[in-house]
Each structure stands twice: as C-alpha cells, then as structure tokens.
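Peer 1: My structure is below; once you've seen it, I'll send some questions.
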Amino acid sequence: MRLLTAGLALLVAIVGVTTFHDAVGAQSRGNAATPNYRVVPLWPQPFPDDSWVFGSITGVTVDAQNHVWVAHRADSLETNEKGMVLAQPSSSVCCTPAPPILEFDSTGKLVSSWGGASQGYQWPQVPGGIAVDTKGNVWIAAAGIEPAPQAAGPGRGAAATAAAEAAEVGIAPGAGQPARGAAPGGAAPAGAGRGAATPAPAGPVDAHVLKFSRAGRYLMTIGTPGKMDGADSQTTLNRPAAVAYDAAANEIFVADSGNHRVVVFDADSGAHKRHWFAYGEKTAGAPAGPYDPNAPVAKSFRDVTCVEISNDGMVYVCDRTSNRIQVFDKSGKFLREMVIAKDTRGSTVALTAGATAVISAHGSVWDVAFSNDAPQRYLFVADGVNKKVRILQRDTLSEVGSFGSGGRYPGQFLAVDSVATDAAGNVYTGETHHGKRVQKFVASR
C-alpha cells in the first residue's frame, strides 16, 4: 500500500510538472522565431551530502567546459534550516549550508565545492557575481551589505513597515535569525546584500574582487576590504556586484556598484586600466536619487549590478534600480540604452523581530546573459521584482518574450537574481533572498 501511495504521488507530481512546463513555454509564443523554454525540475542532482542546502544564490556562470558555477550565501540559512550548526543543535540530519562556491556538470552532478574564510584574504561578507575566465580562474565579487532604508514615515512603526514591505517581496519579517554557532568550513558570518537576511558582521566592509584557481587556491585580490577612496579611485572599489572577463585583452570588468561605475583591470596584475560612469562619462556625476518612473532618466547609475561582454565586443551594464540597460564599447564609449518595465519599483526592508538584516529588491534589470548562437541574437534579463526572465532582441533591446512567473513551483521564481547560458543553449537561473535555488531551462519549439 505504501508503494502504491508513493507511486500515485509521483505520478501526480510528474503530471503537475509537465503541465507547468507548457505554461513556461507559452509565455514566449507570441513570436514564432523566439525560443520557448521549459524547466528541468530535478536539476541539479541532490548533493552527495544530503544535509547540505543552498543559501541565497548571488551568482551563476558557465565556463568553457559547460560546467555551471554557483556562488551562494552559505551563512544565509534561517534557524529552521540550520539545525545541525546551531550552538545547541536541533537536528542531527538537517541541515548545514553547502560550501559557498559550487561547480556542477551539465547533468547537475556536483563536481567540486570550496570557499569561505581563510588566512591570506578576506572572504566576502556578502558574495556577489561569479565569473570563470578562459584560463579556468574563478573571480568572485565582494558585493557587501545593502545600505539601510530610510526611516519609516509617520503613522507606521518600524515593525509594521518591515512586515508590509517584506510581504511585498515575499520575505517574512524576523526570518534569517543569526546563527549561534560558526558557519561550517570556516565561512565567516556575513550581512545581507544581494543574498538573504543575516546580521551584519564585524570587520572591514566589502570593497574587493577575489581571484582563485578553479580548485579554490587563492591568487589575487583587487581592491582592499574596508578601503573606499571614492568614485575616481584607481585602486579601490565599493561593494562591487559583478565581474566579467574579456579574453581578447585579458581584462577583468567590474560592476563597481557602490561607486556607480564600470572599472577595468588587468587580469594578471590587477592594475587599473580605465573606468567610466553612466553614458560613458569619465568623472562621477551627481547622485541619481530615488527612482521616479515619471522623471527624466537619471544621468548617473543608481546601482550597477551586472556587466557582460558580447562576442562583438559590446559591454552590457545593468542599472537595476533605474530599470535600464546601457551598452558601451570596451573603451567605455556609450552606444545606447533601454528602459525595461519602467514602472517597476520595489522596496528595501530592515527586518525586525531579532534580525538586523537589510534586504534590497528593486528594479527590473538584475542580471543579463547572451544566447548561445554566434551572433548572440537574444539577451536574457533576470527581472527579480517582476519574477521572470525577459528575452530581448539584442540589436534593438526590444522585448520578444519571457518565461517564468511568481511562485515556488519548478519554472517559477521568487527573486531571480542571476542568469547564465551554456553552449547548448540552456538557461540557468539563481534566486536570491528566500528563493535559494538554481534552475535549468531547456529550449523547446
């Protein structure tokens, strides 16, 4: 009887997933030439250690071997998710965070895992994006802690504000209680930035990019944790959110979010090469201020959360809170821009009930990736607030399709923060905040 019940449950699950596959693909069928996508519901495979779980995903990338690399907040588990690592464990079987850097093959099998605090470098308080260069080196941005929100307005207490705004972005106030024990694997406690909620740690704030071998051997730091010399600095950074590698010039491009710029370094020496601001300006402009969909577009970046380089040498930059993509050549010359879902806003939440985290969820342009065809005809855009991946025609930046919707079923999103593609045309997504998962989508016509 138990086997029959289990079999019926599995059949119901398969039927449900198959039905949802069709719904995912249907959203992009308005244009016959636009690819449709269906989710692979059991990707990745279970971890070899079944007590491991993902924290909030902060970066996803694919290397030259078609392996998928994931950065996540190993410290972002909530109290009920980390029973094995509490000072007084509440469970002997579940759970403990997986190491912060994970490498999977295309089937979803875990190939390697590493990361966390060690002597000789400072592991990020909040990791950001991840990139793997053509030499196999792994680059990790130290994205830092989001700025605190403004005080609550009259008539609304802090707790009420947190509850309402957290509900808006799918986060329960009080979630993410601090662990009473140290994170496994030597990982340092961390604050909340692109990831989920945990208290701010002591120590220098994130202002650097780390370079490792693919096996996790430390190679270099660009920038200095805790040191921020301003937006025109050639040696320091400020909460860099993402990185991209240019093999042609052996350069590393950094989305220097706190300094509202893109900055380029030599990938071997770490020497500064150049930097620019919105519209290719060489000096910092006035702060953009809060986003207003009815106001003229801002002359400065608000928060630079992604940078990617196309095969034809164009640099795509996400200005997340401004709902826009700007495109440059590799020298920083401005080429064009597009505003996506202009009316998208969001919220920044300071959680209460014992949590001290700040969680930011604003804007429609969180990350981008290119389609795998030689001309890279399409641009995929992770839209965390509207809970979908948009498909743009790359040459015009006009939207031609999308997939995903809000929810927790396979193929849905809670807060899609990262997007990447592989050589076979598959799309991978990562979810931050309480999403805490990676999904694989395959093209289906």
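Here's how to read the names in the structure tokens: chain A, B, ... by the order shown, residue numbers from 1 in each chain, ligand numbers from 1 in the order shown.
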Show me, as a CSV table (one decimal) with C-alpha atoms, in the first residue's frame, the residues that have an atom within 8 Å of range 46-56 of chain A when counting only C-alpha atoms, minus same-chain residues fewer than 5 positions from it.
Peer 2:
chain,number,residue,atom,x,y,z
A,72,HIS,CA,25.7,31.5,-2.7
A,73,ARG,CA,25.4,32.8,0.9
A,74,ALA,CA,26.5,29.9,3.0
A,75,ASP,CA,25.6,31.8,6.1
A,76,SER,CA,22.1,32.9,5.0
A,77,LEU,CA,20.1,29.9,6.4
A,93,VAL,CA,20.2,15.2,10.0
A,94,CYS,CA,19.2,18.7,8.7
A,95,CYS,CA,20.8,21.0,7.8
A,96,THR,CA,24.1,22.6,7.1
A,97,PRO,CA,25.0,25.1,4.3
A,98,ALA,CA,26.8,23.8,1.3
A,109,LYS,CA,26.2,16.5,-10.7
A,110,LEU,CA,28.4,18.3,-8.2
A,195,GLY,CA,21.6,37.5,-0.6
A,196,ALA,CA,19.2,36.8,2.2
A,431,GLU,CA,17.4,33.1,-6.9
A,432,THR,CA,18.4,35.3,-4.0
A,433,HIS,CA,16.7,36.3,-0.8
A,434,HIS,CA,14.4,33.3,0.3
A,435,GLY,CA,14.4,31.8,-3.2
A,436,LYS,CA,17.6,29.8,-2.5
A,437,ARG,CA,17.7,27.7,-5.6
Peer 1: Looking only at strand (DSSP E or B) from DSSP on the backbone, list the matching residues of range 198-271 of chain A as a VMD selection string.
Peer 2: chain A and resid 208 to 212 218 to 223 242 to 246 251 to 256 261 to 266
Peer 1: Considering only C-alpha atoms, can you say which of A:Val339, A:Leu237, A:Ala361, A:Val442 comes closest to Ala423 in chain A?
Peer 2: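 Going through A:Val339, A:Leu237, A:Ala361, A:Val442 one by one, the smallest distance to Ala423 in chain A is for A:Val442.
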Peer 1: Rounded to one decimal place, report the CA of Phe277 in chain A-CA of Val262 in chain A distance in Å.
Peer 2: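 Spanning CA of Phe277 in chain A to CA of Val262 in chain A is a straight-line distance of 6.4 Å.
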Peer 1: Using only C-alpha atoms, which protein or nucleic acid residues come within 6 Å of Ile222 in chain A? Drop anything in the same chain fewer than 2 positions from it, and give the result as number ranges by chain.
Peer 2: A: 208-209, 270
Peer 1: Would you pick out the contacts of Pro44 in chain A at 8 Å or less, using only C-alpha atoms, so that residues sharing its chain but fewer than 2 positions from it are not included, and give the list as a PyMOL selection string?
Peer 2: chain A and resi 42+46+104+107-109+438-440
Peer 1: Pull N, CA and C atoms from the residues just selected and write them as a short mmCIF file (atom, residue, chain, number, x, y, z; two decimals), in the first residue's frame.
Peer 2:
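The resulting file, result-v1.cif, is shown below:
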data_model
loop_
_atom_site.label_atom_id
_atom_site.label_comp_id
_atom_site.auth_asym_id
_atom_site.auth_seq_id
_atom_site.Cartn_x
_atom_site.Cartn_y
_atom_site.Cartn_z
N LEU A 42 14.25 18.52 -11.84
CA LEU A 42 15.12 17.86 -10.86
C LEU A 42 16.58 18.18 -11.10
N PRO A 46 20.74 15.85 -6.34
CA PRO A 46 20.95 16.02 -4.90
C PRO A 46 22.44 16.06 -4.56
N PHE A 104 28.99 22.43 -10.96
CA PHE A 104 28.18 21.31 -11.42
C PHE A 104 28.49 21.03 -12.89
N THR A 107 24.78 17.83 -16.31
CA THR A 107 23.71 16.96 -15.82
C THR A 107 23.26 17.34 -14.42
N GLY A 108 23.97 18.28 -13.79
CA GLY A 108 23.62 18.69 -12.44
C GLY A 108 24.38 17.97 -11.35
N LYS A 109 25.37 17.17 -11.73
CA LYS A 109 26.19 16.46 -10.74
C LYS A 109 27.22 17.41 -10.17
N VAL A 438 18.75 27.05 -7.71
CA VAL A 438 19.22 27.19 -9.08
C VAL A 438 18.32 26.35 -9.95
N GLN A 439 17.94 26.87 -11.13
CA GLN A 439 17.09 26.13 -12.05
C GLN A 439 17.71 26.11 -13.45
N LYS A 440 17.38 25.04 -14.19
CA LYS A 440 17.84 24.89 -15.56
C LYS A 440 16.63 24.86 -16.48
#
Peer 1: When you look at Ala142 in chain A with a cut-off of 7 Å (counting only C-alpha atoms), what residues show up, excluding the ones that are within fewer than 4 positions of it in the same chain? I need them as a PyMOL selection string.
Peer 2: chain A and resi 124-128+206-209+239-241
Peer 1: Include N, CA, C and O atoms and write out the residues we just selected as a PDB file, in the first residue's frame.
Peer 2:
ATOM      1  N   PRO A 124      34.252  37.388   1.154  1.00  0.00           N
ATOM      2  CA  PRO A 124      33.222  38.435   1.165  1.00  0.00           C
ATOM      3  C   PRO A 124      32.238  38.291   2.321  1.00  0.00           C
ATOM      4  O   PRO A 124      31.813  37.188   2.661  1.00  0.00           O
ATOM      5  N   GLN A 125      31.881  39.424   2.902  1.00  0.00           N
ATOM      6  CA  GLN A 125      30.763  39.426   3.830  1.00  0.00           C
ATOM      7  C   GLN A 125      29.498  38.984   3.096  1.00  0.00           C
ATOM      8  O   GLN A 125      28.683  38.234   3.629  1.00  0.00           O
ATOM      9  N   VAL A 126      29.358  39.486   1.878  1.00  0.00           N
ATOM     10  CA  VAL A 126      28.253  39.097   1.000  1.00  0.00           C
ATOM     11  C   VAL A 126      28.830  38.864  -0.398  1.00  0.00           C
ATOM     12  O   VAL A 126      29.185  39.818  -1.077  1.00  0.00           O
ATOM     13  N   PRO A 127      28.964  37.623  -0.860  1.00  0.00           N
ATOM     14  CA  PRO A 127      29.456  37.415  -2.220  1.00  0.00           C
ATOM     15  C   PRO A 127      28.459  37.954  -3.235  1.00  0.00           C
ATOM     16  O   PRO A 127      27.252  38.002  -2.983  1.00  0.00           O
ATOM     17  N   GLY A 128      28.986  38.377  -4.376  1.00  0.00           N
ATOM     18  CA  GLY A 128      28.127  38.850  -5.454  1.00  0.00           C
ATOM     19  C   GLY A 128      28.229  37.920  -6.643  1.00  0.00           C
ATOM     20  O   GLY A 128      28.116  36.708  -6.512  1.00  0.00           O
ATOM     21  N   ASP A 206      33.018  45.013   2.510  1.00  0.00           N
ATOM     22  CA  ASP A 206      33.389  44.514   1.192  1.00  0.00           C
ATOM     23  C   ASP A 206      33.722  45.645   0.230  1.00  0.00           C
ATOM     24  O   ASP A 206      32.910  46.573   0.038  1.00  0.00           O
ATOM     25  N   ALA A 207      34.886  45.557  -0.383  1.00  0.00           N
ATOM     26  CA  ALA A 207      35.316  46.556  -1.358  1.00  0.00           C
ATOM     27  C   ALA A 207      36.367  45.933  -2.271  1.00  0.00           C
ATOM     28  O   ALA A 207      37.353  46.583  -2.613  1.00  0.00           O
ATOM     29  N   HIS A 208      36.140  44.675  -2.688  1.00  0.00           N
ATOM     30  CA  HIS A 208      37.192  43.968  -3.388  1.00  0.00           C
ATOM     31  C   HIS A 208      36.633  42.868  -4.292  1.00  0.00           C
ATOM     32  O   HIS A 208      35.454  42.519  -4.220  1.00  0.00           O
ATOM     33  N   VAL A 209      37.513  42.372  -5.140  1.00  0.00           N
ATOM     34  CA  VAL A 209      37.236  41.232  -6.002  1.00  0.00           C
ATOM     35  C   VAL A 209      38.324  40.200  -5.762  1.00  0.00           C
ATOM     36  O   VAL A 209      39.506  40.545  -5.671  1.00  0.00           O
ATOM     37  N   ARG A 239      31.733  47.953  -2.821  1.00  0.00           N
ATOM     38  CA  ARG A 239      30.681  46.957  -2.970  1.00  0.00           C
ATOM     39  C   ARG A 239      30.492  46.520  -4.430  1.00  0.00           C
ATOM     40  O   ARG A 239      29.403  46.632  -4.998  1.00  0.00           O
ATOM     41  N   PRO A 240      31.534  45.998  -5.070  1.00  0.00           N
ATOM     42  CA  PRO A 240      31.383  45.525  -6.452  1.00  0.00           C
ATOM     43  C   PRO A 240      30.396  44.366  -6.532  1.00  0.00           C
ATOM     44  O   PRO A 240      30.480  43.419  -5.758  1.00  0.00           O
ATOM     45  N   ALA A 241      29.468  44.450  -7.476  1.00  0.00           N
ATOM     46  CA  ALA A 241      28.386  43.470  -7.548  1.00  0.00           C
ATOM     47  C   ALA A 241      28.661  42.319  -8.497  1.00  0.00           C
ATOM     48  O   ALA A 241      28.116  41.227  -8.311  1.00  0.00           O
TER      49      ALA A 241
END
Peer 1: What is the distance between CA of Ala298 in chain A and CA of Ser322 in chain A, in Å to one decimal?
Peer 2: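 These atoms are spaced 7.7 Å apart.
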Peer 1: Name all residues at most 7 Å from range 385-396 of chain A (count only C-alpha atoms; drop same-chain ones fewer than 6 positions away) and give them as an MDAnalysis selection string.
Peer 2: chainID A and resid 346 361:364 377:379 402:406 413:416
